[in-house]
>>> print(open('entry.txt').read())   # compact mmCIF, C-alpha atoms
# COMPACT_ATOMS: atom_id res chain seq x y z
CA MET G 1 -7.37 18.16 -10.89
CA ASN G 2 -9.04 15.65 -8.59
CA LYS G 3 -8.68 12.77 -11.06
CA VAL G 4 -5.20 12.19 -12.44
CA GLU G 5 -4.21 9.68 -15.13
CA VAL G 6 -1.10 7.64 -14.33
CA TYR G 7 0.62 5.60 -17.03
CA HIS G 8 2.21 2.37 -15.76
CA TYR G 9 5.40 1.52 -17.66
CA ASP G 10 7.90 -1.25 -16.90
CA ALA G 11 11.50 -0.15 -17.46
CA PHE G 12 14.62 -2.09 -18.47
CA THR G 13 12.52 -4.71 -20.23
CA LYS G 14 10.34 -5.16 -23.31
CA VAL G 15 8.03 -7.59 -21.48
CA PRO G 16 5.13 -6.22 -19.37
CA GLY G 17 5.36 -7.56 -15.83
CA LYS G 18 9.16 -7.71 -15.85
CA GLY G 19 11.73 -5.02 -15.15
CA ASN G 20 10.87 -2.15 -12.81
CA PRO G 21 7.44 -0.46 -12.71
CA ALA G 22 7.08 3.30 -12.74
CA GLY G 23 4.04 5.55 -12.72
CA ILE G 24 4.17 8.48 -15.15
CA VAL G 25 1.86 11.51 -15.06
CA LEU G 26 2.06 13.21 -18.45
CA ASN G 27 0.06 16.35 -17.60
CA ALA G 28 1.72 17.32 -14.33
CA ASP G 29 2.25 21.07 -14.68
CA LEU G 30 -0.79 21.94 -12.56
CA LEU G 31 0.08 19.52 -9.78
CA THR G 32 1.67 20.71 -6.54
CA GLY G 33 4.48 18.80 -4.89
CA GLU G 34 2.02 17.71 -2.21
CA MET G 35 -0.31 16.27 -4.87
CA MET G 36 2.60 14.48 -6.57
CA GLN G 37 3.56 12.92 -3.26
CA GLN G 38 -0.02 11.83 -2.67
CA ILE G 39 -0.20 10.20 -6.11
CA ALA G 40 3.08 8.35 -5.57
CA GLU G 41 1.87 7.07 -2.21
CA LYS G 42 -1.40 5.77 -3.68
CA VAL G 43 0.22 4.14 -6.73
CA GLY G 44 2.77 2.42 -4.49
CA PHE G 45 5.56 1.90 -7.03
CA ASN G 46 9.16 2.56 -6.05
CA GLU G 47 8.93 5.77 -8.06
CA CYS G 48 6.42 7.91 -9.89
CA ALA G 49 7.68 10.56 -12.29
CA PHE G 50 6.15 13.91 -13.16
CA PRO G 51 7.47 15.63 -16.33
CA VAL G 52 6.84 19.39 -16.14
CA LYS G 53 7.92 22.52 -17.97
CA SER G 54 11.44 23.89 -17.51
CA GLU G 55 12.93 27.30 -18.23
CA ILE G 56 16.49 25.93 -18.50
CA ALA G 57 16.06 22.57 -20.28
CA ASP G 58 13.70 20.78 -22.67
CA PHE G 59 11.64 19.76 -19.65
CA ARG G 60 11.98 18.89 -15.98
CA ILE G 61 11.22 15.60 -14.23
CA ARG G 62 10.29 15.34 -10.56
CA TYR G 63 10.57 11.91 -8.92
CA PHE G 64 8.63 10.68 -5.88
CA THR G 65 8.75 7.47 -3.89
CA PRO G 66 5.72 6.76 -1.67
CA GLY G 67 7.67 8.49 1.12
CA HIS G 68 9.55 11.46 -0.33
CA GLU G 69 10.92 13.27 -3.39
CA MET G 70 14.11 11.91 -5.02
CA PRO G 71 16.77 13.88 -6.91
CA LEU G 72 17.00 11.34 -9.73
CA CYS G 73 15.64 7.95 -10.79
CA GLY G 74 16.95 5.93 -13.72
CA HIS G 75 14.05 3.60 -14.42
CA ALA G 76 11.44 6.36 -14.07
CA THR G 77 13.45 8.50 -16.50
CA MET G 78 13.44 5.69 -19.07
CA ALA G 79 9.70 5.25 -18.57
CA SER G 80 9.03 9.00 -18.75
CA ILE G 81 10.83 9.51 -22.05
CA VAL G 82 9.15 6.50 -23.68
CA ALA G 83 5.72 7.54 -22.36
CA LEU G 84 6.14 11.11 -23.59
CA LEU G 85 7.24 9.96 -27.05
CA GLU G 86 4.57 7.27 -27.43
CA ASN G 87 1.87 9.73 -26.42
CA ASN G 88 3.13 12.48 -28.76
CA LYS G 89 4.08 14.83 -25.92
CA LEU G 90 7.59 15.43 -27.31
CA ILE G 91 8.96 16.44 -30.67
CA GLU G 92 11.19 13.53 -31.63
CA LYS G 93 14.91 14.31 -31.70
CA GLU G 94 18.14 12.56 -30.83
CA ILE G 95 19.15 14.48 -27.69
CA TYR G 96 17.09 16.05 -24.90
CA GLN G 97 18.25 18.07 -21.91
CA ILE G 98 16.28 17.32 -18.74
CA GLU G 99 16.28 19.30 -15.53
CA THR G 100 16.44 17.24 -12.32
CA LEU G 101 17.40 17.90 -8.72
CA ALA G 102 20.68 16.12 -9.58
CA GLY G 103 21.41 18.69 -12.31
CA ILE G 104 20.74 19.05 -16.03
CA LEU G 105 21.35 15.73 -17.75
CA SER G 106 21.57 14.71 -21.38
CA ILE G 107 19.21 12.02 -22.72
CA GLY G 108 19.85 10.31 -26.04
CA VAL G 109 17.08 8.52 -27.95
CA THR G 110 17.30 5.98 -30.75
CA LYS G 111 14.76 3.50 -32.08
CA ARG G 112 15.61 -0.17 -32.59
CA ASP G 113 13.25 -2.99 -33.59
CA GLY G 114 10.25 -0.77 -32.86
CA SER G 115 11.37 0.17 -29.32
CA TYR G 116 12.86 3.42 -28.05
CA GLN G 117 16.34 2.98 -26.58
CA ILE G 118 17.10 5.65 -23.99
CA ARG G 119 20.67 6.60 -23.10
CA MET G 120 20.77 8.56 -19.86
CA GLU G 121 23.75 10.59 -18.71
CA HIS G 122 24.41 10.42 -14.96
CA ALA G 123 25.72 13.01 -12.55
CA GLU G 124 29.40 13.05 -11.56
CA PRO G 125 30.32 9.90 -9.55
CA LEU G 126 30.99 10.44 -5.85
CA PHE G 127 32.08 7.98 -3.13
CA ILE G 128 32.21 8.19 0.68
CA PRO G 129 33.71 5.45 2.92
CA PHE G 130 31.46 3.31 5.13
CA HIS G 131 32.81 3.07 8.69
CA GLY G 132 29.95 1.13 10.28
CA SER G 133 29.72 -2.46 11.46
CA LYS G 134 30.04 -5.05 8.68
CA ALA G 135 28.43 -7.65 10.93
CA ALA G 136 25.40 -5.45 11.62
CA LEU G 137 25.17 -4.54 7.94
CA ALA G 138 25.23 -8.20 6.87
CA LYS G 139 22.57 -9.09 9.46
CA SER G 140 20.33 -6.23 8.25
CA ILE G 141 20.08 -7.82 4.78
CA GLY G 142 19.87 -11.42 6.03
CA ILE G 143 23.34 -12.74 5.16
CA GLN G 144 26.55 -13.65 6.97
CA GLU G 145 29.48 -11.27 7.32
CA ASN G 146 31.69 -13.68 5.34
CA ASP G 147 29.31 -13.31 2.37
CA ILE G 148 30.70 -9.78 1.95
CA ASP G 149 33.68 -9.76 -0.41
CA PRO G 150 36.79 -8.61 1.54
CA GLU G 151 38.66 -7.81 -1.69
CA PHE G 152 36.70 -4.63 -2.36
CA PRO G 153 35.50 -1.74 -0.14
CA ILE G 154 32.02 -1.01 1.14
CA VAL G 155 31.30 2.60 0.15
CA TYR G 156 28.44 5.02 -0.35
CA GLY G 157 28.21 5.89 -4.03
CA SER G 158 26.23 8.37 -6.07
CA THR G 159 25.74 9.22 -9.72
CA GLY G 160 22.71 11.29 -8.80
CA THR G 161 21.24 9.33 -5.87
CA TRP G 162 23.15 7.89 -2.88
CA THR G 163 23.29 4.15 -2.20
CA LEU G 164 25.56 1.91 -0.14
CA CYS G 165 27.60 -0.40 -2.42
CA ILE G 166 28.19 -3.82 -0.82
CA PRO G 167 30.36 -6.28 -2.81
CA ILE G 168 29.12 -9.85 -2.33
CA SER G 169 31.38 -12.89 -2.83
CA ASN G 170 28.81 -15.49 -3.96
CA LEU G 171 25.48 -15.69 -5.78
CA ASP G 172 23.90 -17.95 -3.16
CA ALA G 173 23.86 -15.03 -0.74
CA PHE G 174 21.42 -13.10 -2.94
CA GLU G 175 18.78 -15.81 -2.61
CA ARG G 176 19.12 -15.67 1.19
CA MET G 177 18.75 -11.89 1.47
CA LYS G 178 15.80 -10.66 3.54
CA PRO G 179 16.18 -6.96 4.31
CA SER G 180 15.26 -5.36 7.62
CA ASN G 181 14.96 -1.90 6.10
CA GLN G 182 14.01 -0.31 9.40
CA ASP G 183 17.49 -1.15 10.72
CA PHE G 184 19.38 0.66 7.95
CA PRO G 185 19.47 4.22 9.41
CA LYS G 186 21.18 3.21 12.66
CA ILE G 187 23.81 1.21 10.73
CA LEU G 188 24.38 3.77 7.95
CA LYS G 189 25.51 6.46 10.37
CA GLU G 190 27.34 8.54 7.77
CA MET G 191 24.27 8.63 5.50
CA PRO G 192 21.15 7.31 7.30
CA LYS G 193 18.76 7.90 4.39
CA SER G 194 20.84 5.93 1.89
CA SER G 195 19.51 2.83 0.15
CA VAL G 196 21.50 -0.43 0.19
CA HIS G 197 22.89 -2.05 -2.97
CA PRO G 198 24.53 -5.50 -2.66
CA PHE G 199 26.17 -6.69 -5.89
CA SER G 200 28.44 -9.38 -7.27
CA LEU G 201 31.50 -8.68 -9.37
CA HIS G 202 32.37 -12.36 -9.76
CA ALA G 203 29.29 -14.00 -11.25
CA ALA G 204 25.78 -13.48 -12.60
CA PHE G 205 22.89 -15.81 -13.35
CA SER G 206 22.95 -15.02 -17.07
CA PRO G 207 26.05 -15.49 -19.25
CA ASP G 208 25.49 -12.12 -20.96
CA ALA G 209 25.69 -10.18 -17.67
CA ASN G 210 28.85 -8.84 -16.03
CA MET G 211 27.30 -8.18 -12.61
CA HIS G 212 24.29 -9.18 -10.53
CA ALA G 213 22.60 -6.97 -7.94
CA ARG G 214 19.70 -6.30 -5.62
CA HIS G 215 18.59 -2.93 -4.28
CA PHE G 216 16.94 -2.41 -0.89
CA SER G 217 15.14 0.86 -0.22
CA SER G 218 15.66 3.31 2.57
CA PRO G 219 12.80 2.93 5.07
CA PHE G 220 12.04 6.62 4.52
CA SER G 221 10.99 5.85 0.93
CA GLY G 222 8.03 3.68 1.93
CA THR G 223 9.12 0.69 -0.18
CA ILE G 224 11.17 -2.48 0.43
CA GLU G 225 13.08 -3.37 -2.74
CA ASP G 226 13.67 -1.86 -6.17
CA ALA G 227 13.47 -4.50 -8.90
CA VAL G 228 15.90 -3.04 -11.48
CA THR G 229 17.71 0.20 -10.66
CA GLY G 230 19.13 2.61 -13.22
CA THR G 231 20.95 4.95 -10.83
CA GLY G 232 22.13 1.97 -8.75
CA SER G 233 23.54 0.33 -11.87
CA GLY G 234 25.21 3.59 -12.81
CA VAL G 235 26.93 3.62 -9.43
CA MET G 236 28.10 0.05 -10.07
CA GLY G 237 29.76 1.16 -13.30
CA ALA G 238 31.50 3.98 -11.45
CA TYR G 239 32.50 1.56 -8.66
CA TYR G 240 33.99 -0.83 -11.20
CA ALA G 241 36.02 1.94 -12.80
CA THR G 242 37.19 3.31 -9.44
CA TYR G 243 37.95 0.18 -7.41
CA VAL G 244 38.16 -2.81 -9.78
CA GLU G 245 39.98 -1.48 -12.84
CA PRO G 246 41.12 2.05 -11.97
CA ASN G 247 43.91 1.98 -14.57
CA LYS G 248 41.58 1.12 -17.46
CA LYS G 249 41.55 4.54 -19.13
CA THR G 250 39.17 3.79 -21.98
CA LYS G 251 35.49 3.52 -22.92
CA TYR G 252 33.59 0.29 -22.27
CA SER G 253 30.17 -1.06 -21.34
CA LEU G 254 28.95 -3.44 -18.64
CA VAL G 255 25.68 -5.39 -18.44
CA VAL G 256 24.00 -5.45 -15.04
CA GLU G 257 21.24 -7.97 -14.33
CA GLN G 258 18.74 -7.46 -11.53
CA GLY G 259 15.30 -8.58 -10.42
CA GLN G 260 15.67 -12.37 -10.72
CA GLU G 261 14.81 -12.93 -7.06
CA MET G 262 11.59 -10.95 -7.59
CA GLN G 263 10.76 -12.67 -10.92
CA LYS G 264 11.34 -9.25 -12.53
CA ASP G 265 14.35 -10.04 -14.71
CA GLY G 266 15.80 -6.85 -16.17
CA ARG G 267 18.97 -5.60 -17.87
CA VAL G 268 20.80 -2.28 -17.64
CA ILE G 269 23.67 -1.42 -19.95
CA VAL G 270 26.16 0.82 -18.15
CA HIS G 271 28.53 2.93 -20.26
CA VAL G 272 31.84 3.89 -18.66
CA ASN G 273 34.00 6.64 -20.14
CA ASN G 274 37.23 6.78 -18.14
CA VAL G 275 39.51 8.35 -20.74
CA GLN G 276 40.05 11.74 -19.08
CA LYS G 277 37.32 12.16 -16.48
CA LEU G 278 35.05 9.36 -15.23
CA GLN G 279 31.63 9.70 -16.86
CA ILE G 280 28.71 7.28 -16.52
CA ALA G 281 25.62 6.71 -18.66
CA ILE G 282 23.07 3.91 -18.90
CA THR G 283 20.91 2.56 -21.71
CA GLY G 284 17.51 0.90 -21.39
CA THR G 285 13.95 0.91 -22.63
CA ALA G 286 10.42 0.71 -21.24
CA VAL G 287 7.10 -0.89 -22.17
CA PHE G 288 3.54 0.32 -21.54
CA VAL G 289 1.48 -1.86 -19.18
CA GLN G 290 -1.74 -0.05 -18.32
CA LYS G 291 -3.33 3.28 -17.47
CA MET G 292 -4.71 4.10 -14.03
CA VAL G 293 -6.71 6.95 -12.55
CA VAL G 294 -6.02 8.30 -9.08
CA ASP G 295 -8.89 10.24 -7.51
CA LEU G 296 -7.25 12.66 -5.08
CA SER G 297 -10.57 13.64 -3.52
CA ASN G 298 -11.28 10.18 -2.09
CA ASN G 299 -7.94 8.36 -2.52
CA ILE G 300 -9.38 5.84 -4.98
CA ILE G 301 -7.16 4.30 -7.67
CA ALA G 302 -8.62 2.41 -10.63
CA ASN G 303 -7.30 0.75 -13.78
CA ILE G 304 -8.70 1.86 -17.13
>>> encode(input="entry.txt", output="structure tokens")
Amino acid sequence: MNKVEVYHYDAFTKVPGKGNPAGIVLNADLLTGEMMQQIAEKVGFNECAFPVKSEIADFRIRYFTPGHEMPLCGHATMASIVALLENNKLIEKEIYQIETLAGILSIGVTKRDGSYQIRMEHAEPLFIPFHGSKAALAKSIGIQENDIDPEFPIVYGSTGTWTLCIPISNLDAFERMKPSNQDFPKILKEMPKSSVHPFSLHAAFSPDANMHARHFSSPFSGTIEDAVTGTGSGVMGAYYATYVEPNKKTKYSLVVEQGQEMQKDGRVIVHVNNVQKLQIAITGTAVFVQKMVVDLSNNIIANI
């Protein structure tokens, strides 16, 4: 398999060129992990996804950044499901079970106005305190320490993938952010490979959004910024339920906007179920952009 077709989908949007790009390889069963990593590096998106056969679920998805394999990726999951369905690689049904390195997760599919809507269950929310320097952290993303909201904690959070949650007190700070990704590991001493996720609980650019965010990659991933993050948004929903309204024992949804600073406006709907045990899911869609071919023998990539 020297030449591999990669489907470019943009997730969390219905408009090509917006949202978050992902590369999907639909016939990945014969690829080795090394080949998957090579493809992800050549494509250069934040993530490429490789659906393969599973003995314990409907199928398995492996996720690769240009630098390493990831346990889970929200936007690449959305793109994978839509790509598989649109290319008749799946029997259509309402619920799928997918195997990931973050566990077996449930994926719900509905169709609305001609687009597939994908509801993705997340792994159990986890949080770990950040004990590093707030001043150094602020400097590493190009803002002032007083831009960090003192009302809420800075914590590492995961609903499948770890990121550092940084509450920001004003929207102006997001425009000023310029990450020095190479500085993250020495500041994030508890979890050096974590990504960084600044977000606002107070305001968003769009009136229909509850929160605004950006997402800066770990330098080990080989990318700088993720335009619209599914797992990051899932963590934000869990953060809200844990630190903002911990006594709200009910079901509700939040709208997270992301990507405005990159001209990649996207929306993620985060579903919070905090009735008995905190459970997080997200809903989004994806749109086909183009098909590419990666030639592994000479590292050439071409659009078709």
>>> closest_residue(input="entry.txt", among="G:Leu137, G:Ile91, G:Leu254, G:Cys48", to="Ala76 of chain G", atoms="all atoms listed in the file")
G:Cys48
>>> residues_around(input="entry.txt", residues="Ser158 of chain G", least_positions_apart="2", cutoff="10 Å", atoms="only C-alpha atoms", output="ChimeraX atom specification")
/G:122-128,155-156,160-165,194,231-232,234-236,238-239
>>> closest_residue(input="entry.txt", among="G:Ser221, G:Thr242, G:Thr77, G:Thr110", to="Ile280 of chain G", atoms="all atoms listed in the file")
G:Thr242
>>> atom_distance(input="entry.txt", atom1="atom CA of Glu257 of chain G", atom2="atom CA of Ala213 of chain G")
6.6 Å
>>> closest_residue(input="entry.txt", among="G:Ser297, G:Thr283, G:Asp226, G:Ser180", to="Ile107 of chain G", atoms="all atoms listed in the file")
G:Thr283
